[in-house]
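A.B. asks: My structure is below; once you've seen it, I'll send some questions.
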Amino acid sequence: MDLKVFEGKKIFVTGASGLIGHALVKTLLLARDGAPIEVVAAVRNEQKARAAFSDVPDAHLSYHVCDVRDLQPVAMGVDYVIHCASATASKTFVEKPVDVIESAVRGTKNVLELARANNAQGVVYLSTMEVYGAPTTDEKITESAPTNINPTDVRASYPESKRLCECLCAAYCAQYGVPVNTVRLTQTFGEGVAYDDGRVFAEFARCVIEGRDVILKTKGETRRNYLYIADAVSAILTVLAHGKRGEAYNAANEETYCSIYEMARLVSDKFGGGKTAVRICEQDVSKLGYAPTLKMNLCADKLKGLGWRAETDLETAYAALIEYMRAHRG
């Protein structure tokens with residue numbers, strides 16, 4: 001995307017060491033035209049962050065070391081804010097639900113106060129498709145769709161805290177004029193995924209790399225869209241630059257909609273080299289924090305209305321993921 005709107009600006013990114021935050025920071029720092037973009041990377045571990053960004057120019061990169069739960073609303077000349085920091089491990093949602101909720105809500109309030117203190121021109125909060133609960137049909141899901149989340153389900157700590165944070169963003173926009181938008185991301189992957197990442201897409205890639213079968217612990221009936229990391233970055237920056245303040249936008253490649261089983265078969269057929277089969281061995285996954293079986297067919301028309309388009313199909317995204325994970329196997 002065209003980054004001219006951000007030339008000469010300072011952008012504060014939380015969760016900068018995570019998959020999406022890292023990709024955003026690199027994209028902004030590697031912008032070549034016009035005045036350089038200044039990036040403040042909010043991280044918990046500066047040494048780890050410096051290692052992660054060792055391959056990009058750092059003349060316009062600075063670090064703000066903190067946990068977002070302790071972030072202070074300090075005026076630092078920030079023009080834009082992107083809040084990526086979040087729990088992502090499904091197991092954490094059921095093992096430490098109080099921590100998940102506290103980190104999300106307190107952290108987001110602190111980020112919004114920071115944006116307010118700096119009179120930021122734009123803010124993006126990264127939310128999730130999970131705010132829609134567990135849809136049961138293949139019908140397209142727009143941003144106005146309802147939810148069927150059960151708040152007494154412990155795993156709801158994640159989607160319910162995301163929903164509350166979205167409400168908090170809307171409240172700050174209405175009461176204090178903070179120009180904040182929400183981006184509801186579908187499952188996103190590509191370069192930067194850690195080799196030991198516990199999510200299903202990474203497990204499929206590991207199976208190919210290690211030449212072993214894909215073992216599904218369920219029938220793999222859940223259907224959803226996916227999004228390549230570069231397309232996610234362009235979606236976020238498009239909303240930051242052009243989104244209508246106070247509103248939410250789905251970010252998904254609608255052409256990738258498929259079941260987990262179908263995705264496993266694609267990976268096996270296209271990248272397994274005859275060494276990787278797909279087998280179903282159903283288990284009790286209640287303690288693993290898995291989302292319920294659902295059909296999450298996100299509609300991205302609203303985001304497309306801002307000029308955004310997803311450019312990378314599922315097979316190409318997997319080729320990039322496998323190549324990266326193979327190179328960073330450790």
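Chains: A, B, ... in order of the structure tokens. Residues: from 1 per chain. Ligands: from 1, in order shown.
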Counting only C-alpha atoms, what is within 6 Å of Leu294 (chain A), bar same-chain residues fewer than 3 positions away, as an MDAnalysis selection string?
C.D. replies: chainID A and resid 134:136 222
A.B. asks: If DSSP is run on the backbone, what residues of region 86-245 of chain A are strand (DSSP E)? A reply as a list in words would be ideal.
C.D. replies: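 Taking region 86-245 of chain A and keeping strand (DSSP E) only, one gets Gly122, Val123, Val124, Tyr125, Leu126, Ser127, Thr128, Val180, Asn181, Thr182, Val183, Arg184, Leu185, Gln187, Thr188, Phe189, Val214, Ile215, Leu216, Arg223, Arg224, Asn225, Tyr226, Leu227 and Tyr228 of chain A.
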A.B. asks: Write the residues you've just listed into a file as a compact mmCIF listing (two decimals), in the first residue's frame, and include N, CA and C atoms for each of them.
C.D. replies:
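Saved file part.txt follows:
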```txt
# COMPACT_ATOMS: atom_id res chain seq x y z
N GLY A 122 -4.63 8.94 14.65
CA GLY A 122 -5.32 7.71 14.34
C GLY A 122 -4.87 6.59 15.25
N VAL A 123 -5.78 5.67 15.57
CA VAL A 123 -5.49 4.53 16.43
C VAL A 123 -6.18 3.30 15.84
N VAL A 124 -5.48 2.17 15.85
CA VAL A 124 -6.10 0.91 15.47
C VAL A 124 -5.95 -0.09 16.61
N TYR A 125 -7.08 -0.69 16.98
CA TYR A 125 -7.09 -1.78 17.95
C TYR A 125 -7.29 -3.09 17.20
N LEU A 126 -6.41 -4.06 17.42
CA LEU A 126 -6.54 -5.35 16.76
C LEU A 126 -7.43 -6.27 17.57
N SER A 127 -8.57 -6.58 16.98
CA SER A 127 -9.52 -7.50 17.59
C SER A 127 -9.48 -8.83 16.83
N THR A 128 -10.54 -9.59 16.92
CA THR A 128 -10.53 -10.94 16.39
C THR A 128 -11.88 -11.33 15.81
N VAL A 180 -10.24 6.23 16.96
CA VAL A 180 -9.84 4.83 17.01
C VAL A 180 -10.74 3.96 16.14
N ASN A 181 -10.13 2.98 15.50
CA ASN A 181 -10.84 1.96 14.73
C ASN A 181 -10.46 0.59 15.22
N THR A 182 -11.31 -0.38 14.93
CA THR A 182 -11.04 -1.78 15.26
C THR A 182 -10.88 -2.59 13.98
N VAL A 183 -9.88 -3.46 13.95
CA VAL A 183 -9.72 -4.40 12.85
C VAL A 183 -9.93 -5.80 13.41
N ARG A 184 -10.95 -6.49 12.89
CA ARG A 184 -11.25 -7.85 13.34
C ARG A 184 -10.57 -8.84 12.39
N LEU A 185 -9.43 -9.34 12.83
CA LEU A 185 -8.62 -10.22 11.99
C LEU A 185 -9.09 -11.66 12.03
N GLN A 187 -7.73 -15.67 11.16
CA GLN A 187 -6.44 -16.29 11.50
C GLN A 187 -5.40 -15.89 10.46
N THR A 188 -4.27 -15.41 10.94
CA THR A 188 -3.25 -14.80 10.10
C THR A 188 -1.92 -15.52 10.27
N PHE A 189 -1.24 -15.80 9.15
CA PHE A 189 0.08 -16.44 9.26
C PHE A 189 0.94 -16.11 8.06
N VAL A 214 -0.20 -35.58 9.42
CA VAL A 214 -1.02 -34.60 10.15
C VAL A 214 -2.06 -35.39 10.94
N ILE A 215 -2.05 -35.24 12.25
CA ILE A 215 -3.01 -35.92 13.12
C ILE A 215 -4.01 -34.90 13.63
N LEU A 216 -5.24 -34.99 13.17
CA LEU A 216 -6.28 -34.08 13.64
C LEU A 216 -6.93 -34.64 14.90
N ARG A 223 -14.81 -24.21 9.83
CA ARG A 223 -14.50 -23.52 8.58
C ARG A 223 -14.25 -22.04 8.88
N ARG A 224 -13.21 -21.49 8.29
CA ARG A 224 -12.92 -20.07 8.47
C ARG A 224 -12.09 -19.57 7.29
N ASN A 225 -11.92 -18.24 7.24
CA ASN A 225 -11.02 -17.63 6.28
C ASN A 225 -9.62 -17.53 6.91
N TYR A 226 -8.65 -17.30 6.06
CA TYR A 226 -7.28 -17.07 6.53
C TYR A 226 -6.74 -15.81 5.86
N LEU A 227 -5.60 -15.34 6.36
CA LEU A 227 -5.03 -14.11 5.83
C LEU A 227 -3.51 -14.17 5.92
N TYR A 228 -2.86 -13.86 4.82
CA TYR A 228 -1.39 -13.82 4.77
C TYR A 228 -0.90 -12.57 5.50
```
A.B. asks: As an exercise, work out the distance from CA of Asp213 (chain A) to CA of Tyr324 (chain A) in Å and give it to one decimal place.
C.D. replies: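 Separation between CA of Asp213 (chain A) and CA of Tyr324 (chain A): 20.0 Å.
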A.B. asks: Can you pull out every residue within 8 Å of Leu303 (chain A), counting only C-alpha atoms, but drop anything in the same chain fewer than 5 positions away, and send it as a PyMOL selection string?
C.D. replies: chain A and resi 235+239+249-251+308
A.B. asks: How would the residues just picked look written out with C-alpha atoms as a PDB file, in the first residue's frame?
C.D. replies:
```pdb
ATOM      1  CA  ALA A 235      -5.321  -4.037   6.014  1.00  0.00           C
ATOM      2  CA  VAL A 239      -7.767   1.297   8.272  1.00  0.00           C
ATOM      3  CA  TYR A 249     -13.561  -3.654   9.887  1.00  0.00           C
ATOM      4  CA  ASN A 250     -13.291  -7.360   9.113  1.00  0.00           C
ATOM      5  CA  ALA A 251      -9.926  -8.359   7.630  1.00  0.00           C
ATOM      6  CA  TRP A 308      -7.884  -2.746   0.254  1.00  0.00           C
TER       7      TRP A 308
END
```
A.B. asks: Please report, as CSV, each residue of region 189-231 of chain A lying at most 12 Å from region 26-33 of chain A, together with the nearest pair of atoms and the separation in Å rounded to one decimal; use only C-alpha atoms, and order rows by chain and ascending residue number.
C.D. replies:
```
residue,atom,partner,partner_atom,distance
A:Glu191,CA,A:Lys26,CA,11.9
A:Gly192,CA,A:Lys26,CA,11.2
A:Ile229,CA,A:Thr27,CA,11.1
A:Ala230,CA,A:Thr27,CA,8.9
A:Asp231,CA,A:Thr27,CA,11.6
```
A.B. asks: So which one's closest to Val233 (chain A), A:Ile37, A:Leu24, A:Ala171, A:Ile209? Using only C-alpha atoms, please.
C.D. replies: A:Leu24
